[in-house]
Structure formats: structure tokens, C-alpha cells
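Asker: Sharing structure07.tsv (TSV, C-alpha atoms (C1' of nucleotides)) below.
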chain	number	residue	atom	x	y	z
A	114	MET	CA	-5.57	4.59	14.95
A	115	THR	CA	-8.68	6.25	16.28
A	116	LYS	CA	-9.89	9.36	14.46
A	117	ALA	CA	-7.67	11.61	12.41
A	118	ARG	CA	-8.13	15.01	10.88
A	119	PRO	CA	-9.93	14.77	7.52
A	120	CYS	CA	-7.27	15.78	5.04
A	121	SER	CA	-6.36	15.45	1.41
A	122	ILE	CA	-2.72	15.06	2.27
A	123	ALA	CA	-3.53	11.93	4.25
A	124	ASP	CA	-5.78	10.69	1.44
A	125	THR	CA	-3.04	11.21	-1.11
A	126	LEU	CA	-0.52	9.45	1.09
A	127	ALA	CA	-2.90	6.51	1.34
A	128	VAL	CA	-2.30	6.11	-2.39
A	129	VAL	CA	1.36	6.99	-2.84
A	130	GLY	CA	2.66	7.06	0.71
A	131	GLU	CA	3.61	3.44	1.18
A	132	LYS	CA	7.22	2.38	0.91
A	133	TYR	CA	8.45	2.32	-2.71
A	134	SER	CA	5.33	3.83	-4.26
A	135	LEU	CA	6.96	7.14	-5.09
A	136	LEU	CA	10.07	5.35	-6.29
A	137	VAL	CA	7.91	3.41	-8.70
A	138	LEU	CA	6.67	6.75	-9.98
A	139	ARG	CA	10.23	8.00	-10.28
A	140	GLU	CA	11.13	5.05	-12.49
A	141	VAL	CA	8.00	5.39	-14.56
A	142	PHE	CA	8.84	9.04	-15.24
A	143	PHE	CA	12.34	8.02	-16.25
A	144	GLY	CA	10.71	5.72	-18.76
A	145	VAL	CA	11.36	2.52	-16.86
A	146	ARG	CA	8.02	0.80	-17.06
A	147	ARG	CA	8.59	-2.91	-16.76
A	148	PHE	CA	8.51	-5.08	-13.70
A	149	GLU	CA	12.01	-6.53	-13.99
A	150	SER	CA	13.64	-3.16	-14.54
A	151	MET	CA	11.84	-1.65	-11.60
A	152	VAL	CA	12.94	-4.47	-9.36
A	153	ARG	CA	16.52	-3.76	-10.38
A	154	ASN	CA	16.42	0.02	-10.13
A	155	ILE	CA	14.35	0.33	-6.99
A	156	GLY	CA	15.76	-2.63	-5.14
A	157	ALA	CA	12.38	-3.59	-3.74
A	158	PRO	CA	11.24	-7.15	-3.01
A	159	ARG	CA	9.30	-8.49	-5.97
A	160	ASP	CA	6.11	-9.24	-4.06
A	161	ILE	CA	6.03	-5.77	-2.53
A	162	LEU	CA	6.61	-4.17	-5.90
A	163	ALA	CA	3.76	-6.24	-7.35
A	164	ALA	CA	1.49	-5.06	-4.54
A	165	ARG	CA	2.43	-1.41	-5.09
A	166	LEU	CA	1.82	-1.64	-8.81
A	167	ARG	CA	-1.60	-3.18	-8.19
A	168	ARG	CA	-2.46	-0.37	-5.82
A	169	LEU	CA	-1.26	2.38	-8.15
A	170	VAL	CA	-3.21	0.92	-11.04
A	171	GLU	CA	-6.36	0.56	-8.97
A	172	ALA	CA	-5.97	4.17	-7.81
A	173	GLY	CA	-5.69	5.36	-11.40
A	174	VAL	CA	-2.13	6.62	-11.13
A	175	LEU	CA	-0.70	4.05	-13.49
A	176	GLU	CA	-2.23	1.96	-16.23
A	177	LYS	CA	-1.26	-1.52	-17.27
A	178	VAL	CA	-0.71	-1.80	-21.01
A	179	ALA	CA	0.18	-5.00	-22.85
A	180	TYR	CA	3.34	-4.66	-24.91
A	181	SER	CA	3.32	-8.27	-26.00
A	182	ASP	CA	0.77	-11.03	-26.36
A	183	ARG	CA	2.29	-14.44	-26.21
A	184	PRO	CA	3.91	-14.31	-23.86
A	185	ARG	CA	1.47	-11.86	-22.30
A	186	ARG	CA	3.57	-9.03	-20.89
A	187	TYR	CA	2.55	-5.70	-19.47
A	188	GLU	CA	4.14	-2.35	-18.85
A	189	TYR	CA	3.00	0.39	-16.52
A	190	ARG	CA	2.36	3.90	-17.80
A	191	PRO	CA	1.48	7.04	-15.94
A	192	THR	CA	-2.07	8.32	-16.41
A	193	GLU	CA	-2.91	12.02	-16.42
A	194	ALA	CA	-3.33	11.81	-12.67
A	195	GLY	CA	0.03	10.09	-12.44
A	196	LEU	CA	1.78	12.81	-14.40
A	197	ASP	CA	0.36	15.32	-11.93
A	198	LEU	CA	2.59	13.77	-9.30
A	199	GLN	CA	5.81	14.49	-11.13
A	200	ASN	CA	6.23	17.84	-9.44
A	201	VAL	CA	6.02	16.21	-6.04
A	202	LEU	CA	9.04	14.15	-6.99
A	203	HIS	CA	10.88	17.22	-8.21
A	204	LEU	CA	10.40	18.93	-4.88
A	205	LEU	CA	11.47	15.87	-2.94
A	206	ARG	CA	14.59	15.51	-5.06
A	207	GLN	CA	15.39	19.18	-4.72
A	208	TRP	CA	15.01	19.00	-0.96
A	209	GLY	CA	17.37	16.04	-0.81
A	210	ASP	CA	19.88	17.77	-3.05
A	211	ARG	CA	19.83	20.82	-0.80
A	212	HIS	CA	19.65	19.38	2.67
A	213	LEU	CA	21.11	15.92	2.53
A	214	ALA	CA	24.52	17.11	1.43
A	215	GLU	CA	25.94	14.93	-1.25
A	216	THR	CA	26.59	15.66	-4.86
A	217	PRO	CA	23.28	15.12	-6.64
A	218	PRO	CA	23.27	11.74	-8.42
A	219	VAL	CA	20.90	13.06	-11.07
A	220	VAL	CA	20.85	16.59	-12.42
A	221	PHE	CA	18.02	18.11	-14.41
A	222	GLU	CA	17.81	20.64	-17.14
A	223	HIS	CA	14.70	22.55	-18.08
A	224	SER	CA	13.72	22.90	-21.73
A	225	CYS	CA	14.65	26.57	-21.52
A	226	GLY	CA	18.26	25.47	-21.17
A	227	ALA	CA	18.73	26.43	-17.56
A	228	SER	CA	19.70	23.96	-14.89
A	229	PHE	CA	16.65	22.87	-13.04
A	230	ASP	CA	15.37	24.94	-10.14
A	231	ALA	CA	11.71	24.45	-9.34
A	232	VAL	CA	9.81	27.18	-7.55
A	233	VAL	CA	6.26	26.86	-6.29
A	234	THR	CA	4.26	29.95	-7.14
A	235	CYS	CA	0.72	31.23	-6.72
A	236	ALA	CA	-1.24	30.78	-9.94
A	237	SER	CA	-2.93	34.15	-9.42
A	238	CYS	CA	-0.21	36.56	-8.49
A	239	GLY	CA	2.82	34.59	-9.60
A	240	GLU	CA	4.65	35.19	-6.33
A	241	ALA	CA	6.62	32.36	-4.77
A	242	ILE	CA	4.73	30.65	-1.99
A	243	ARG	CA	6.43	31.12	1.34
A	244	PRO	CA	5.72	30.12	4.91
A	245	GLY	CA	3.40	32.69	6.39
A	246	SER	CA	1.93	33.74	3.06
A	247	GLN	CA	-1.09	31.48	3.28
A	248	THR	CA	-4.20	31.15	5.39
A	249	ALA	CA	-5.93	27.84	5.99
A	250	HIS	CA	-9.72	27.66	6.20
A	251	PHE	CA	-11.05	24.56	7.90
A	252	GLN	CA	-14.28	23.28	6.44
A	253	VAL	CA	-15.05	20.52	8.89
A	254	GLU	CA	-16.56	21.05	12.31
A	255	GLY	CA	-14.16	20.35	15.13
A	256	TRP	CA	-10.95	20.18	13.13
A	257	GLY	CA	-9.81	23.75	13.32
A	258	LEU	CA	-6.88	24.69	15.50
A	259	ALA	CA	-7.46	24.60	19.22
A	260	GLY	CA	-5.16	27.20	20.68
A	261	GLU	CA	-1.62	26.41	21.79
A	262	ARG	CA	0.25	28.67	19.37
A	263	PRO	CA	3.73	28.98	20.91
A	264	ALA	CA	4.40	32.44	22.25
A	265	ASP	CA	1.18	34.27	21.53
A	266	ALA	CA	-1.20	35.52	24.15
A	267	ALA	CA	-4.28	33.37	24.61
A	268	ALA	CA	-5.97	35.08	21.70
A	269	GLY	CA	-9.69	35.67	21.75
A	270	ALA	CA	-11.04	32.68	19.84
A	271	GLN	CA	-11.77	29.67	21.99
A	272	SER	CA	-13.11	26.51	20.36
A	273	SER	CA	-11.34	25.56	17.14
A	274	PRO	CA	-11.04	28.78	15.19
A	275	SER	CA	-11.73	27.83	11.62
A	276	GLN	CA	-8.77	29.60	10.08
A	277	ALA	CA	-5.09	30.08	10.71
A	278	VAL	CA	-1.98	31.45	9.06
A	279	LEU	CA	0.55	28.79	8.19
A	280	GLY	CA	4.20	28.74	9.04
B	200	MET	CA	16.78	-5.12	-0.84
B	201	THR	CA	19.91	-5.42	-2.94
B	202	LYS	CA	21.16	-2.27	-4.67
B	203	ALA	CA	19.00	0.65	-5.64
B	204	ARG	CA	19.55	3.64	-7.87
B	205	PRO	CA	21.38	6.41	-5.99
B	206	CYS	CA	18.77	9.11	-5.73
B	207	SER	CA	17.91	12.16	-3.66
B	208	ILE	CA	14.24	11.28	-3.80
B	209	ALA	CA	14.96	8.03	-2.01
B	210	ASP	CA	17.22	9.83	0.46
B	211	THR	CA	14.52	12.37	1.20
B	212	LEU	CA	11.94	9.64	1.66
B	213	ALA	CA	14.26	7.94	4.12
B	214	VAL	CA	13.71	11.02	6.27
B	215	VAL	CA	10.07	11.93	5.69
B	216	GLY	CA	8.71	8.88	3.88
B	217	GLU	CA	7.69	6.70	6.79
B	218	LYS	CA	4.08	6.46	7.84
B	219	TYR	CA	2.88	9.63	9.64
B	220	SER	CA	6.06	11.67	9.10
B	221	LEU	CA	4.50	14.04	6.61
B	222	LEU	CA	1.36	14.27	8.70
B	223	VAL	CA	3.53	15.39	11.59
B	224	LEU	CA	4.84	18.12	9.31
B	225	ARG	CA	1.30	19.05	8.33
B	226	GLU	CA	0.37	19.57	11.97
B	227	VAL	CA	3.53	21.49	12.71
B	228	PHE	CA	2.76	23.87	9.85
B	229	PHE	CA	-0.74	24.33	11.19
B	230	GLY	CA	0.88	25.38	14.44
B	231	VAL	CA	0.14	22.16	16.30
B	232	ARG	CA	3.47	21.45	17.95
B	233	ARG	CA	2.82	19.36	21.02
B	234	PHE	CA	2.82	15.65	21.43
B	235	GLU	CA	-0.69	15.24	22.79
B	236	SER	CA	-2.27	17.41	20.11
B	237	MET	CA	-0.46	15.55	17.38
B	238	VAL	CA	-1.65	12.22	18.73
B	239	ARG	CA	-5.20	13.53	18.58
B	240	ASN	CA	-5.03	15.15	15.16
B	241	ILE	CA	-3.00	12.52	13.37
B	242	GLY	CA	-4.48	9.49	15.07
B	243	ALA	CA	-1.10	7.78	15.25
B	244	PRO	CA	-0.01	5.39	17.98
B	245	ARG	CA	1.94	7.26	20.63
B	246	ASP	CA	5.08	5.18	20.38
B	247	ILE	CA	5.24	5.55	16.62
B	248	LEU	CA	4.71	9.28	16.87
B	249	ALA	CA	7.52	9.50	19.41
B	250	ALA	CA	9.79	7.59	17.04
B	251	ARG	CA	8.90	9.85	14.11
B	252	LEU	CA	9.53	12.98	16.12
B	253	ARG	CA	12.92	11.65	17.20
B	254	ARG	CA	13.81	10.93	13.61
B	255	LEU	CA	12.68	14.30	12.31
B	256	VAL	CA	14.63	16.10	15.01
B	257	GLU	CA	17.75	14.06	14.36
B	258	ALA	CA	17.40	14.80	10.64
B	259	GLY	CA	17.18	18.52	11.33
B	260	VAL	CA	13.63	18.94	10.06
B	261	LEU	CA	12.19	19.79	13.44
B	262	GLU	CA	13.73	21.16	16.60
B	263	LYS	CA	12.71	20.46	20.15
B	264	VAL	CA	12.17	23.61	22.15
B	265	ALA	CA	11.25	23.75	25.84
B	266	TYR	CA	8.08	25.71	26.49
B	267	SER	CA	8.04	24.94	30.19
B	268	ASP	CA	10.56	23.95	32.86
B	269	ARG	CA	8.97	22.23	35.75
B	270	PRO	CA	7.39	20.16	34.45
B	271	ARG	CA	9.89	19.99	31.60
B	272	ARG	CA	7.85	20.08	28.39
B	273	TYR	CA	8.91	20.45	24.80
B	274	GLU	CA	7.32	21.48	21.58
B	275	TYR	CA	8.47	20.71	18.06
B	276	ARG	CA	9.16	23.51	15.63
B	277	PRO	CA	10.10	23.39	11.98
B	278	THR	CA	13.67	24.37	11.14
B	279	GLU	CA	14.58	26.16	7.93
B	280	ALA	CA	14.95	22.77	6.30
B	281	GLY	CA	11.56	21.79	7.65
B	282	LEU	CA	9.88	24.85	6.21
B	283	ASP	CA	11.32	23.88	2.85
B	284	LEU	CA	9.03	20.87	2.90
B	285	GLN	CA	5.86	22.87	3.12
B	286	ASN	CA	5.48	23.03	-0.62
B	287	VAL	CA	5.61	19.27	-0.86
B	288	LEU	CA	2.57	19.14	1.37
B	289	HIS	CA	0.81	21.75	-0.74
B	290	LEU	CA	1.28	19.64	-3.83
B	291	LEU	CA	0.12	16.48	-2.12
B	292	ARG	CA	-2.98	18.21	-0.82
B	293	GLN	CA	-3.69	19.72	-4.20
B	294	TRP	CA	-3.37	16.34	-5.86
B	295	GLY	CA	-5.79	14.82	-3.37
B	296	ASP	CA	-8.25	17.66	-3.83
B	297	ARG	CA	-8.14	17.17	-7.58
B	298	HIS	CA	-8.05	13.44	-8.01
B	299	LEU	CA	-9.58	11.91	-4.93
B	300	ALA	CA	-12.95	13.52	-5.49
B	301	GLU	CA	-14.36	14.85	-2.29
B	302	THR	CA	-14.94	18.37	-1.18
B	303	PRO	CA	-11.62	19.60	0.21
B	304	PRO	CA	-11.67	19.51	4.02
B	305	VAL	CA	-9.25	22.42	4.18
B	306	VAL	CA	-9.09	25.31	1.76
B	307	PHE	CA	-6.22	27.75	1.43
B	308	GLU	CA	-5.93	31.36	0.56
B	309	HIS	CA	-2.76	33.05	-0.62
B	310	SER	CA	-1.73	36.38	0.85
B	311	CYS	CA	-2.60	37.99	-2.48
B	312	GLY	CA	-6.24	37.22	-1.71
B	313	ALA	CA	-6.73	34.53	-4.32
B	314	SER	CA	-7.78	31.05	-3.45
B	315	PHE	CA	-4.80	28.82	-3.37
B	316	ASP	CA	-3.51	27.26	-6.58
B	317	ALA	CA	0.14	26.26	-6.50
B	318	VAL	CA	2.09	26.00	-9.74
B	319	VAL	CA	5.60	24.67	-10.03
B	320	THR	CA	7.70	26.88	-12.28
B	321	CYS	CA	11.25	27.07	-13.58
B	322	ALA	CA	13.23	29.63	-11.59
B	323	SER	CA	15.00	30.76	-14.76
B	324	CYS	CA	12.29	31.17	-17.35
B	325	GLY	CA	9.24	31.24	-15.13
B	326	GLU	CA	7.40	28.71	-17.27
B	327	ALA	CA	5.34	26.02	-15.58
B	328	ILE	CA	7.16	22.72	-15.40
B	329	ARG	CA	5.42	20.07	-17.44
B	330	PRO	CA	6.07	16.44	-18.30
B	331	GLY	CA	8.44	16.36	-21.26
B	332	SER	CA	9.96	19.75	-20.53
B	333	GLN	CA	12.94	18.40	-18.63
B	334	THR	CA	16.02	16.34	-19.32
B	335	ALA	CA	17.67	14.17	-16.71
B	336	HIS	CA	21.46	13.84	-16.60
B	337	PHE	CA	22.70	10.81	-14.72
B	338	GLN	CA	25.92	11.41	-12.85
B	339	VAL	CA	26.59	7.92	-11.64
B	340	GLU	CA	28.09	5.16	-13.73
B	341	GLY	CA	25.65	2.41	-14.55
B	342	TRP	CA	22.47	4.13	-13.44
B	343	GLY	CA	21.37	5.72	-16.66
B	344	LEU	CA	18.46	4.31	-18.59
B	345	ALA	CA	18.97	0.98	-20.29
B	346	GLY	CA	16.71	1.01	-23.29
B	347	GLU	CA	13.15	-0.27	-23.16
B	348	ARG	CA	11.36	2.96	-23.99
B	349	PRO	CA	7.89	1.80	-25.03
B	350	ALA	CA	7.31	2.19	-28.72
B	351	ASP	CA	10.57	3.66	-29.92
B	352	ALA	CA	12.99	1.90	-32.19
B	353	ALA	CA	16.00	0.41	-30.43
B	354	ALA	CA	17.81	3.74	-30.54
B	355	GLY	CA	21.54	3.85	-31.00
B	356	ALA	CA	22.86	4.12	-27.48
B	357	GLN	CA	23.42	0.78	-25.83
B	358	SER	CA	24.75	0.77	-22.30
B	359	SER	CA	22.94	3.20	-20.00
B	360	PRO	CA	22.75	6.46	-21.92
B	361	SER	CA	23.43	9.15	-19.34
B	362	GLN	CA	20.52	11.40	-20.18
B	363	ALA	CA	16.84	11.15	-20.95
B	364	VAL	CA	13.77	13.32	-21.39
B	365	LEU	CA	11.19	12.85	-18.67
B	366	GLY	CA	7.54	12.15	-19.06
C	42	DA	C1'	16.68	-30.78	-24.42
C	43	DG	C1'	18.80	-27.17	-21.95
C	44	DG	C1'	19.22	-22.45	-20.80
C	45	DG	C1'	17.54	-17.74	-20.47
C	46	DT	C1'	13.91	-13.92	-19.93
C	47	DC	C1'	9.85	-11.93	-18.05
C	48	DG	C1'	6.25	-11.21	-14.63
C	49	DG	C1'	4.79	-12.65	-11.07
C	50	DT	C1'	3.46	-15.79	-6.61
C	51	DC	C1'	4.65	-18.32	-2.30
C	52	DC	C1'	7.13	-19.30	1.82
C	53	DG	C1'	9.27	-18.70	6.45
C	54	DG	C1'	11.68	-15.55	9.22
C	55	DA	C1'	12.82	-10.67	10.51
C	56	DT	C1'	11.07	-6.17	11.36
C	57	DA	C1'	7.70	-2.59	12.13
C	58	DT	C1'	3.26	-1.19	13.65
C	59	DC	C1'	-0.44	-1.17	16.73
C	60	DC	C1'	-2.85	-0.72	21.13
C	61	DA	C1'	-3.58	-0.61	25.92
C	62	DA	C1'	-1.49	-0.02	30.05
C	63	DC	C1'	1.91	2.02	32.90
C	64	DG	C1'	5.40	5.62	34.76
C	65	DC	C1'	6.63	9.94	36.09
C	66	DA	C1'	6.63	14.78	37.09
C	67	DG	C1'	4.12	18.46	38.23
C	68	DT	C1'	-0.51	21.02	39.00
C	69	DA	C1'	-5.30	21.75	40.85
C	70	DG	C1'	-8.86	20.76	43.94
C	71	DT	C1'	-10.68	19.59	48.61
D	110	DA	C1'	-2.29	15.02	52.61
D	111	DC	C1'	-4.99	12.64	49.25
D	112	DT	C1'	-6.98	12.28	44.94
D	113	DA	C1'	-7.49	13.42	40.30
D	114	DC	C1'	-5.74	15.14	36.15
D	115	DT	C1'	-2.47	16.60	32.37
D	116	DG	C1'	1.57	16.06	29.25
D	117	DC	C1'	4.90	13.07	27.30
D	118	DG	C1'	6.44	9.56	26.67
D	119	DT	C1'	8.08	4.04	27.45
D	120	DT	C1'	7.01	-1.00	27.81
D	121	DG	C1'	5.00	-5.53	26.43
D	122	DG	C1'	2.68	-8.48	23.62
D	123	DA	C1'	-0.30	-9.32	19.45
D	124	DT	C1'	-0.59	-8.35	14.66
D	125	DA	C1'	0.78	-6.76	10.11
D	126	DT	C1'	4.17	-5.81	6.85
D	127	DC	C1'	8.54	-6.52	4.74
D	128	DC	C1'	12.33	-9.29	3.20
D	129	DG	C1'	15.15	-12.59	0.28
D	130	DG	C1'	15.06	-16.40	-2.14
D	131	DA	C1'	12.86	-20.25	-4.33
D	132	DC	C1'	9.58	-21.39	-7.52
D	133	DC	C1'	6.33	-21.25	-11.57
D	134	DG	C1'	4.30	-20.90	-16.36
D	135	DA	C1'	4.82	-19.19	-20.83
D	136	DC	C1'	7.73	-18.26	-24.22
D	137	DC	C1'	12.28	-17.83	-27.09
D	138	DC	C1'	16.88	-19.42	-28.65
D	139	DT	C1'	20.34	-22.90	-29.97
Would it be possible to restate this file's structure as C-alpha cells?
Answerer:
Amino acid sequence: MTKARPCSIADTLAVVGEKYSLLVLREVFFGVRRFESMVRNIGAPRDILAARLRRLVEAGVLEKVAYSDRPRRYEYRPTEAGLDLQNVLHLLRQWGDRHLAETPPVVFEHSCGASFDAVVTCASCGEAIRPGSQTAHFQVEGWGLAGERPADAAAGAQSSPSQAVLG
Amino acid sequence: MTKARPCSIADTLAVVGEKYSLLVLREVFFGVRRFESMVRNIGAPRDILAARLRRLVEAGVLEKVAYSDRPRRYEYRPTEAGLDLQNVLHLLRQWGDRHLAETPPVVFEHSCGASFDAVVTCASCGEAIRPGSQTAHFQVEGWGLAGERPADAAAGAQSSPSQAVLG
DNA sequence: AGGGTCGGTCCGGATATCCAACGCAGTAGT
DNA sequence: ACTACTGCGTTGGATATCCGGACCGACCCT
């Protein structure tokens, strides 16, 4: 790859975007924290799983904690940063439940007693975040949007306007 | 891989979990909807990008719309299902901004005027969703949790209890 | 001793990714 | 008409990653 847009999404995916990484997180959140169990539940090749665990530990998403000396055995726990990814998994699961049309294999319940329905809201106003309700401000020279919006007139701005409404 | 836990997260990742797929979505949400522009902004190999676009269209996340006959040219637009993935990207970006320690290359603003801070809440009670505030109910025989919670006593239930608190 | 568990590593073959080059259709310039 | 250029891919061959299964060391049990 040549040059890509500087972007936190891409940076995040460099940590958790490889195959199985998010499934490792899923298991960890379920409380499954040992190598053998993960192999079983995820169905990943052992060497790949080992590589993913190394990466997640090095990135500070998981930490390796000994649960037994002699024989030396470790389990993997989520760090604070790791726990911050739980909501990503909730949204992915919810999307699958809604759009991939099977009966959900796992159902969640919130502590308030209601069946689980996650909504992403604005911390300030509390409104749900919807397409079109946000504006992006590009901070890096040259990586704004260069025209080509579908059916709009060739609006005034020419070289990479530094902001744009999403949707 | 042998057998893996039946799971909507895995199903969703089968659609958007391959390299570059979510970056395609990022560009589409920014309004970048043409092949050439995506190649530039994502920095992906052209053949891979073509494959990802095919997959996303076939999965109903994007739709191919002609913006010119003669020469026949298409652009890729998000479907309803595609728009539903926008929040996933917001969370990934937010995680990167918080934990990967650089100055965010793109900053968002909500329509309420506040700078963007997305919070995942329960649709019923409105409370923020936190680790430990949810219970998972496993619907499929044999895929509950089989013991091994870190420091708890070997609690009563033996074979795959069908529910568990997350965290 | 023999068998089982746990957490990996190692190997060879299959698959996916990468990159540069090419094809093709139409448009713009001279 | 000839050349150049753009947009959107496809093709071929080198490289990287993934896969399944075998293997290993350390320990426990009988």
C-alpha cells in the first residue's frame, strides 16, 4: 500500500482488526481467558491464536496473568483499554442480529432488566447519533474531501475542504 | 478451523471483518464513493478493493449506482444496513483517539454543537452500558460457559451454564 | 510407567494479499 | 486521425498469511 488517510479507525484496526482478534475479545468478555478454551470456542489455529494474544498484550488490550506456577500457566485478562472495546462488540453483534437474519445465538439482558438494545448517543445532548447529524473536521493537510459528492452541484470549495457532513 | 461458537459477532465480521472493509465504509460515509478515490484514500491494492466492494454489495451493505452511462461508471452508496454500521466506526475511532495517543487526525462535531463524544446506552433505561451491567443468555446447546472463571470457587453449575455476567 | 492436560511452537501445503502492468471504453486536445 | 488521459477494473506472478496436525516440555494422576 502506498499512502493512506491518517485515521484513528485504521490505527485501531491495526490492533484489533486482524482475523480472530475481536473474537478473542468476545471470549475474554465472556470470561473465557485461557488458551485451550479459546482455541475451542473460536476455532482458530493455535499458532494464529498465540500470535493474536501476543499482539493484544503488546498493545495493552489484554494482560497476561499467571494463574499457576509449576506448571507455569497464564490467563489473559482485559485491561481498562480492553474493556473500552466491549461496546464495539455489542454493536457488531446487534448488527448481525438485525441484518444477518437468524435467531440470535446469544441474547443479552441489561442490568435494568430490559432485553438488550444498545443505542449510541451524544454525551452532550443525549440524542441518538444518526447519519447526517455529524460534521467531520479534517486536521491534516491534504486529507479533506476532494469534491465528487453524488448529486450536488460543483459546490464552491475546490481543494480538499476541511469539513463535511457525514452520511 | 474446526467448530466455533455460533455468534452474530463472527457472522458480522465475515461481512465487514476482512482487511480494508471497514475503511471502505469510512470513505463511503465521508462521501467518497468512487473506486479511484477509495484506492487513493485507503491505500489498498486495486484488486483487493474490487473484491471488498463486490462482497459488501453482495452482503447488502453497499449498493452500486450508475452515475454515468457512456462510459458506464458506478459509485457505491451505503444502504440502510450500511448506515447502521456507522456507529461501529465512531467507536473504533474514539478508541483509537483515546488509547493510541496521537492528536486525532479527524475531529467530529455533533449537530447539537458539541464536540463529538459517543456513549453507548441502554434503549430502555438510558443508562450507559458498562462492563458488568449485562447478562448473556446462551441459546445454543453446548456453547454456554464451561467454568474456569478466574478466582471464583468452582461454582455449582457443571456443564455449560446458559448464562453469565459479562466483564 | 502410561495417560492426560495445558500452553504453546514447528512444519509443509493451501489461500490470500500485494504490486505492477494491462485492457477497455470513452473524452479532450491538436 | 492520433495521442494522451481518466475511471474501473482484471491478470499474473511473487510474497505473506493461514491452516491443520504433529510435536514438545512441564506437570498431575493412577
Asker: Atom CA of Lys177 of chain A and atom C1' of DC47 of chain C are how many Å apart?
Answerer: 15.2 Å
Asker: What does the distance from atom CA of Cys225 of chain A to atom CA of Ala363 of chain B come to in Å, to one decimal?
Answerer: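 A separation of 15.6 Å between them.
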Asker: Just how far from atom CA of Glu131 of chain A is atom C1' of DG48 of chain C, in Å to one decimal?
Answerer: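 Separating atom C1' of DG48 of chain C from atom CA of Glu131 of chain A is a distance of 21.7 Å.
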Asker: Leaving out segment 121-137 of chain D and any residue of its chain fewer than 6 positions from it, which residues lie within 10 Å of it when counting all atoms listed in the file, given as a list of chain:residue names?
Answerer: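 The filter keeps A:Lys132, A:Ala157, A:Pro158, A:Arg159, A:Asp160, A:Ile161, A:Arg183, A:Pro184, A:Arg185, B:Met200, B:Thr201, C:DG45, C:DT46, C:DC47, C:DG49, C:DT50, C:DC51, C:DC52, C:DG54, C:DA55, C:DT56, C:DA57, C:DT58, C:DC59, C:DC60, C:DA61, C:DA62.
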Asker: If we count all atoms listed in the file and set the cut-off at 12 Å, which residues sit around DT112 of chain D, ignoring sequence neighbours fewer than 2 positions away in its own chain? Please answer as a list in words.
Answerer: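 Contacts, in chain order: DA69, DG70 and DT71 of chain C; DA110 and DC114 of chain D.
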Asker: Counting all atoms listed in the file, select every polymer residue within 9 Å of (-14.1, 13.3, 13.0) as defined in the file's coordinates, and provide the selection as number ranges by chain.
Answerer: A: 116-119, 253-256
Asker: Could you please select, counting only C-alpha atoms (C1' of nucleotides), the residues of chain D within 10 Å of chain B and state them as a list in words?
Answerer: DT115, DG116, DC117, DG118, DT119, DT120, DC128 and DG129 of chain D
